[in-house]
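Q: Structure file query_28.tsv (TSV, C-alpha atoms) is given on the next line.
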chain	number	residue	atom	x	y	z
A	16	MET	CA	91.91	-56.75	94.80
A	17	HIS	CA	89.93	-53.52	94.62
A	18	LEU	CA	92.29	-52.21	91.90
A	19	ILE	CA	91.85	-55.37	89.79
A	20	ARG	CA	88.07	-55.10	90.09
A	21	THR	CA	88.17	-51.41	89.06
A	22	VAL	CA	90.35	-52.23	86.05
A	23	LEU	CA	88.01	-55.06	85.00
A	24	ILE	CA	84.95	-52.83	85.25
A	25	ALA	CA	86.69	-50.07	83.27
A	26	ALA	CA	87.76	-52.55	80.58
A	27	THR	CA	84.24	-53.94	80.35
A	28	MET	CA	82.84	-50.43	79.92
A	29	LEU	CA	85.32	-49.63	77.14
A	30	PHE	CA	84.26	-52.72	75.21
A	31	ALA	CA	80.56	-52.08	75.84
A	32	ILE	CA	80.58	-48.46	74.62
A	33	PRO	CA	81.16	-49.32	70.93
A	34	ALA	CA	78.39	-51.96	71.06
A	35	VAL	CA	75.93	-49.49	72.59
A	36	ALA	CA	76.95	-46.80	70.10
A	37	GLY	CA	76.47	-49.29	67.23
A	38	ALA	CA	73.04	-50.25	68.53
A	39	GLN	CA	72.02	-46.58	68.83
A	40	LYS	CA	73.28	-45.89	65.31
A	41	SER	CA	71.24	-48.82	63.92
A	42	SER	CA	68.17	-47.81	65.89
A	43	SER	CA	68.45	-44.25	64.56
A	44	LEU	CA	68.79	-45.54	61.00
A	45	LEU	CA	65.68	-47.70	61.41
A	46	GLU	CA	63.78	-44.79	62.96
A	47	ARG	CA	64.53	-42.77	59.81
A	48	TRP	CA	63.70	-45.78	57.59
A	49	TYR	CA	60.27	-46.44	59.09
A	50	THR	CA	59.36	-42.75	59.23
A	51	ALA	CA	60.22	-42.45	55.53
A	52	LEU	CA	58.51	-45.75	54.63
A	53	PHE	CA	55.26	-44.91	56.39
A	54	ASP	CA	55.29	-41.36	54.98
A	55	VAL	CA	56.31	-42.71	51.55
A	56	ASN	CA	59.18	-40.23	51.45
A	57	ARG	CA	60.97	-41.30	48.26
A	58	VAL	CA	63.92	-38.92	48.76
A	59	ALA	CA	64.66	-40.22	52.26
A	60	LEU	CA	64.18	-43.88	51.28
A	61	THR	CA	66.48	-43.46	48.29
A	62	ASP	CA	69.09	-41.85	50.52
A	63	LEU	CA	68.89	-44.61	53.15
A	64	LEU	CA	69.44	-47.44	50.65
A	65	ALA	CA	72.89	-48.28	49.32
A	66	GLU	CA	73.17	-48.28	45.52
A	67	ASP	CA	73.46	-52.08	45.46
A	68	ALA	CA	70.80	-52.69	48.15
A	69	LYS	CA	68.57	-55.76	47.98
A	70	ILE	CA	65.11	-55.93	49.55
A	71	GLU	CA	63.84	-59.49	50.01
A	72	LEU	CA	60.15	-60.13	50.45
A	73	GLY	CA	60.66	-63.64	51.79
A	74	ASP	CA	57.05	-64.82	51.78
A	75	LEU	CA	56.60	-63.68	48.17
A	76	GLU	CA	60.01	-64.98	47.06
A	77	VAL	CA	60.76	-61.56	45.55
A	78	ILE	CA	64.10	-59.77	45.64
A	79	GLN	CA	64.06	-56.11	44.64
A	80	THR	CA	66.96	-53.87	43.74
A	81	LYS	CA	66.98	-50.31	45.03
A	82	LYS	CA	65.57	-49.10	41.71
A	83	GLU	CA	62.77	-51.70	41.74
A	84	PHE	CA	61.92	-50.87	45.35
A	85	VAL	CA	61.68	-47.14	44.62
A	86	GLU	CA	59.57	-47.81	41.49
A	87	ALA	CA	57.12	-49.85	43.61
A	88	LEU	CA	56.51	-46.91	45.95
A	89	ASP	CA	53.60	-45.60	43.82
A	90	GLU	CA	51.66	-48.77	44.62
A	91	TRP	CA	52.84	-48.70	48.24
A	92	GLU	CA	51.66	-45.09	48.60
A	93	GLU	CA	48.08	-46.12	47.81
A	94	ILE	CA	48.24	-48.97	50.31
A	95	ALA	CA	49.94	-46.92	53.04
A	96	ALA	CA	47.28	-44.20	52.84
A	97	THR	CA	44.72	-46.57	54.39
A	98	ALA	CA	46.93	-48.40	56.89
A	99	ASN	CA	48.35	-48.04	60.39
A	100	PHE	CA	51.86	-49.05	61.32
A	101	ALA	CA	53.98	-49.61	64.40
A	102	TRP	CA	57.48	-50.98	64.79
A	103	GLN	CA	60.00	-51.88	67.46
A	104	LEU	CA	63.42	-53.45	67.62
A	105	ASP	CA	63.19	-57.22	68.03
A	106	PRO	CA	64.25	-57.71	71.66
A	107	GLU	CA	65.50	-61.21	70.91
A	108	ALA	CA	67.72	-60.28	67.95
A	109	LYS	CA	71.28	-59.02	67.80
A	110	ILE	CA	71.72	-55.32	67.11
A	111	ASP	CA	75.00	-53.60	66.34
A	112	ASP	CA	76.37	-51.21	63.74
A	113	THR	CA	75.97	-53.79	60.92
A	114	THR	CA	72.71	-55.59	61.77
A	115	ALA	CA	69.35	-55.00	63.36
A	116	THR	CA	65.97	-56.69	63.31
A	117	ALA	CA	62.60	-55.04	63.75
A	118	LEU	CA	59.11	-56.33	64.35
A	119	VAL	CA	56.56	-54.37	62.38
A	120	CYS	CA	52.78	-54.39	62.70
A	121	TYR	CA	51.09	-53.53	59.41
A	122	GLN	CA	47.36	-52.90	59.95
A	123	PHE	CA	45.41	-52.69	56.71
A	124	PRO	CA	41.62	-52.25	56.42
A	125	GLU	CA	41.11	-55.91	55.51
A	126	ASN	CA	43.87	-57.59	57.53
A	127	GLU	CA	46.97	-57.14	59.63
A	128	LEU	CA	50.41	-58.71	59.60
A	129	LEU	CA	53.26	-58.95	62.05
A	130	ILE	CA	56.48	-58.91	60.02
A	131	ARG	CA	60.11	-59.50	61.05
A	132	GLU	CA	62.48	-57.31	59.05
A	133	ALA	CA	66.19	-58.11	59.33
A	134	PHE	CA	68.57	-55.42	58.10
A	135	THR	CA	72.24	-55.33	57.20
A	136	PHE	CA	74.02	-51.97	57.17
A	137	GLU	CA	77.24	-50.69	55.67
A	138	GLY	CA	78.53	-47.13	55.70
A	139	GLY	CA	75.34	-45.81	57.30
A	140	LYS	CA	73.15	-47.27	54.53
A	141	ILE	CA	70.86	-50.28	54.27
A	142	ILE	CA	72.46	-52.87	52.02
A	143	HIS	CA	70.07	-55.76	52.65
A	144	SER	CA	66.62	-56.27	54.12
A	145	VAL	CA	64.71	-59.52	54.53
A	146	GLN	CA	61.02	-59.47	55.42
A	147	THR	CA	59.20	-62.54	56.71
A	148	THR	CA	55.74	-62.92	58.19
A	149	VAL	CA	55.64	-63.81	61.88
A	150	ASP	CA	51.86	-63.85	62.33
A	151	GLU	CA	48.65	-62.79	60.61
A	152	SER	CA	47.74	-60.81	63.70
A	153	CYS	CA	49.52	-58.12	65.71
A	154	ASP	CA	48.06	-59.35	69.01
A	155	GLU	CA	51.50	-60.42	70.24
A	156	PHE	CA	53.04	-57.08	69.27
Could you render the structure from this file as structure tokens?

A:
Amino acid sequence: MHLIRTVLIAATMLFAIPAVAGAQKSSSLLERWYTALFDVNRVALTDLLAEDAKIELGDLEVIQTKKEFVEALDEWEEIAATANFAWQLDPEAKIDDTTATALVCYQFPENELLIREAFTFEGGKIIHSVQTTVDESCDEF
């Protein structure tokens, strides 16, 4: 009985290791993404996005290509200069080596927003991002 239990625990650990590694890989990718986004680091952002990446701004019903997203960074740079940001992985969402979801608090001088950003990854790059507003306050963050 003890041997069966040991084998089951070992098997469980072997299956869990890839999931944990995938979650750490996604978390690391998002750490680089948000650092680059908040610093408006065009080189890093360009590198993190796949060539055919799509960025969906759900509330605005806008879908940007990688090129359109990078071109919009001039406007974002002006906005980001006056704002504060914080992010965390969404504790209620699935995270693995192909998907992750973050909750992001964007605090601007005139308002703040709590945004859910769902990401899809492939080959260590972001291939899809969907942003939707959760709340017009970061109190729950």

Q: With 10 Å as the threshold, what does the neighbourhood of (68.0, -62.9, 46.9) contain in terms of residues, counting only C-alpha atoms? Coordinates are those of the file; answer as a ChimeraX atom specification.

A: /A:69-73,76-80,143-145

Q: What lies within 8 Å of Thr114 in chain A using all atoms listed in the file, ignoring chain neighbours under 6 positions off, as a list in words?

A: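 Returned residues: Ser41, Ala133, Phe134, Thr135 and Phe136 of chain A.
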
Q: With only C-alpha atoms as the basis for distance, which of A:Glu125, A:Val55, A:Ala115, A:Glu132 is at the shortest distance from Glu93 in chain A?

A: A:Val55

Q: Would you compute the distance between CA of Asp150 in chain A and CA of Leu128 in chain A? Give it in Å to one decimal.

A: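 Spanning CA of Asp150 in chain A to CA of Leu128 in chain A is a straight-line distance of 6.0 Å.
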
Q: Would you work out the distance separating CA of Leu63 in chain A from CA of Val149 in chain A, expressed in Å to one decimal?

A: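 CA of Leu63 in chain A sits 24.9 Å away from CA of Val149 in chain A.
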
Q: Show me, as JSON, numbers by chain, the residues that have an atom within 12 Å of Ala51 in chain A when counting all atoms listed in the file, minus same-chain residues fewer than 5 positions from it.

A: {"A": [44, 45, 46, 56, 57, 58, 59, 60, 61, 62, 63, 64, 85, 88, 92, 95]}

Q: Rounded to one decimal, what separation in Å do you get between CA of Glu137 in chain A and CA of Ala68 in chain A?

A: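 Result for CA of Glu137 in chain A versus CA of Ala68 in chain A: 10.1 Å, one decimal.
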
Q: Of the candidates A:Leu118, A:Ile142, A:Ala96, A:Ile110, which one gets nearest to Asp54 in chain A if we count all atoms listed in the file?

A: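 When distances to Asp54 in chain A are compared using all atoms listed in the file, the smallest one comes from A:Ala96.
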
Q: With only C-alpha atoms as the atoms that count, which of A:Glu90, A:Thr113, A:Leu52, A:Leu104 lies nearest to Gly139 in chain A?

A: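 Checking each candidate against Gly139 in chain A, we get A:Thr113 as the closest.
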
Q: Which is closest to Trp102 in chain A among A:Leu129, A:Val119, A:Cys153, A:Ile141, if we use all atoms listed in the file?

A: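 Checking each candidate against Trp102 in chain A, we get A:Val119 as the closest.
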
Q: Near Ala101 in chain A, within 9 Å and counting all atoms listed in the file, which residues show up once chain neighbours fewer than 3 positions away are dropped, as a PyMOL selection string?

A: chain A and resi 49+118-122+156

Q: Place N, CA and C atoms on range 117-132 of chain A and deliver the coordinates as a PDB file, in the frame of the given file.

A:
ATOM      1  N   ALA A 117      63.778 -55.712  63.221  1.00  0.00           N
ATOM      2  CA  ALA A 117      62.600 -55.040  63.750  1.00  0.00           C
ATOM      3  C   ALA A 117      61.381 -55.933  63.588  1.00  0.00           C
ATOM      4  N   LEU A 118      60.436 -55.739  64.482  1.00  0.00           N
ATOM      5  CA  LEU A 118      59.110 -56.330  64.350  1.00  0.00           C
ATOM      6  C   LEU A 118      58.181 -55.203  63.962  1.00  0.00           C
ATOM      7  N   VAL A 119      57.408 -55.429  62.916  1.00  0.00           N
ATOM      8  CA  VAL A 119      56.560 -54.370  62.380  1.00  0.00           C
ATOM      9  C   VAL A 119      55.125 -54.870  62.274  1.00  0.00           C
ATOM     10  N   CYS A 120      54.201 -54.086  62.822  1.00  0.00           N
ATOM     11  CA  CYS A 120      52.780 -54.390  62.700  1.00  0.00           C
ATOM     12  C   CYS A 120      52.213 -53.530  61.577  1.00  0.00           C
ATOM     13  N   TYR A 121      51.741 -54.193  60.536  1.00  0.00           N
ATOM     14  CA  TYR A 121      51.090 -53.530  59.410  1.00  0.00           C
ATOM     15  C   TYR A 121      49.589 -53.798  59.546  1.00  0.00           C
ATOM     16  N   GLN A 122      48.806 -52.760  59.810  1.00  0.00           N
ATOM     17  CA  GLN A 122      47.360 -52.900  59.950  1.00  0.00           C
ATOM     18  C   GLN A 122      46.674 -52.261  58.750  1.00  0.00           C
ATOM     19  N   PHE A 123      46.118 -53.121  57.902  1.00  0.00           N
ATOM     20  CA  PHE A 123      45.410 -52.690  56.710  1.00  0.00           C
ATOM     21  C   PHE A 123      43.905 -52.810  56.972  1.00  0.00           C
ATOM     22  N   PRO A 124      43.056 -52.177  56.178  1.00  0.00           N
ATOM     23  CA  PRO A 124      41.620 -52.250  56.420  1.00  0.00           C
ATOM     24  C   PRO A 124      41.074 -53.686  56.439  1.00  0.00           C
ATOM     25  N   GLU A 125      41.635 -54.548  55.626  1.00  0.00           N
ATOM     26  CA  GLU A 125      41.110 -55.910  55.510  1.00  0.00           C
ATOM     27  C   GLU A 125      41.864 -56.947  56.349  1.00  0.00           C
ATOM     28  N   ASN A 126      43.074 -56.623  56.771  1.00  0.00           N
ATOM     29  CA  ASN A 126      43.870 -57.590  57.530  1.00  0.00           C
ATOM     30  C   ASN A 126      45.028 -56.889  58.221  1.00  0.00           C
ATOM     31  N   GLU A 127      45.753 -57.653  59.023  1.00  0.00           N
ATOM     32  CA  GLU A 127      46.970 -57.140  59.630  1.00  0.00           C
ATOM     33  C   GLU A 127      48.031 -58.234  59.617  1.00  0.00           C
ATOM     34  N   LEU A 128      49.273 -57.791  59.641  1.00  0.00           N
ATOM     35  CA  LEU A 128      50.410 -58.710  59.600  1.00  0.00           C
ATOM     36  C   LEU A 128      51.473 -58.251  60.581  1.00  0.00           C
ATOM     37  N   LEU A 129      52.082 -59.218  61.245  1.00  0.00           N
ATOM     38  CA  LEU A 129      53.260 -58.950  62.050  1.00  0.00           C
ATOM     39  C   LEU A 129      54.443 -59.489  61.258  1.00  0.00           C
ATOM     40  N   ILE A 130      55.356 -58.594  60.907  1.00  0.00           N
ATOM     41  CA  ILE A 130      56.480 -58.910  60.020  1.00  0.00           C
ATOM     42  C   ILE A 130      57.793 -58.738  60.779  1.00  0.00           C
ATOM     43  N   ARG A 131      58.726 -59.656  60.546  1.00  0.00           N
ATOM     44  CA  ARG A 131      60.110 -59.500  61.050  1.00  0.00           C
ATOM     45  C   ARG A 131      60.936 -58.996  59.874  1.00  0.00           C
ATOM     46  N   GLU A 132      61.643 -57.895  60.098  1.00  0.00           N
ATOM     47  CA  GLU A 132      62.480 -57.310  59.050  1.00  0.00           C
ATOM     48  C   GLU A 132      63.917 -57.248  59.560  1.00  0.00           C
TER      49      GLU A 132
END
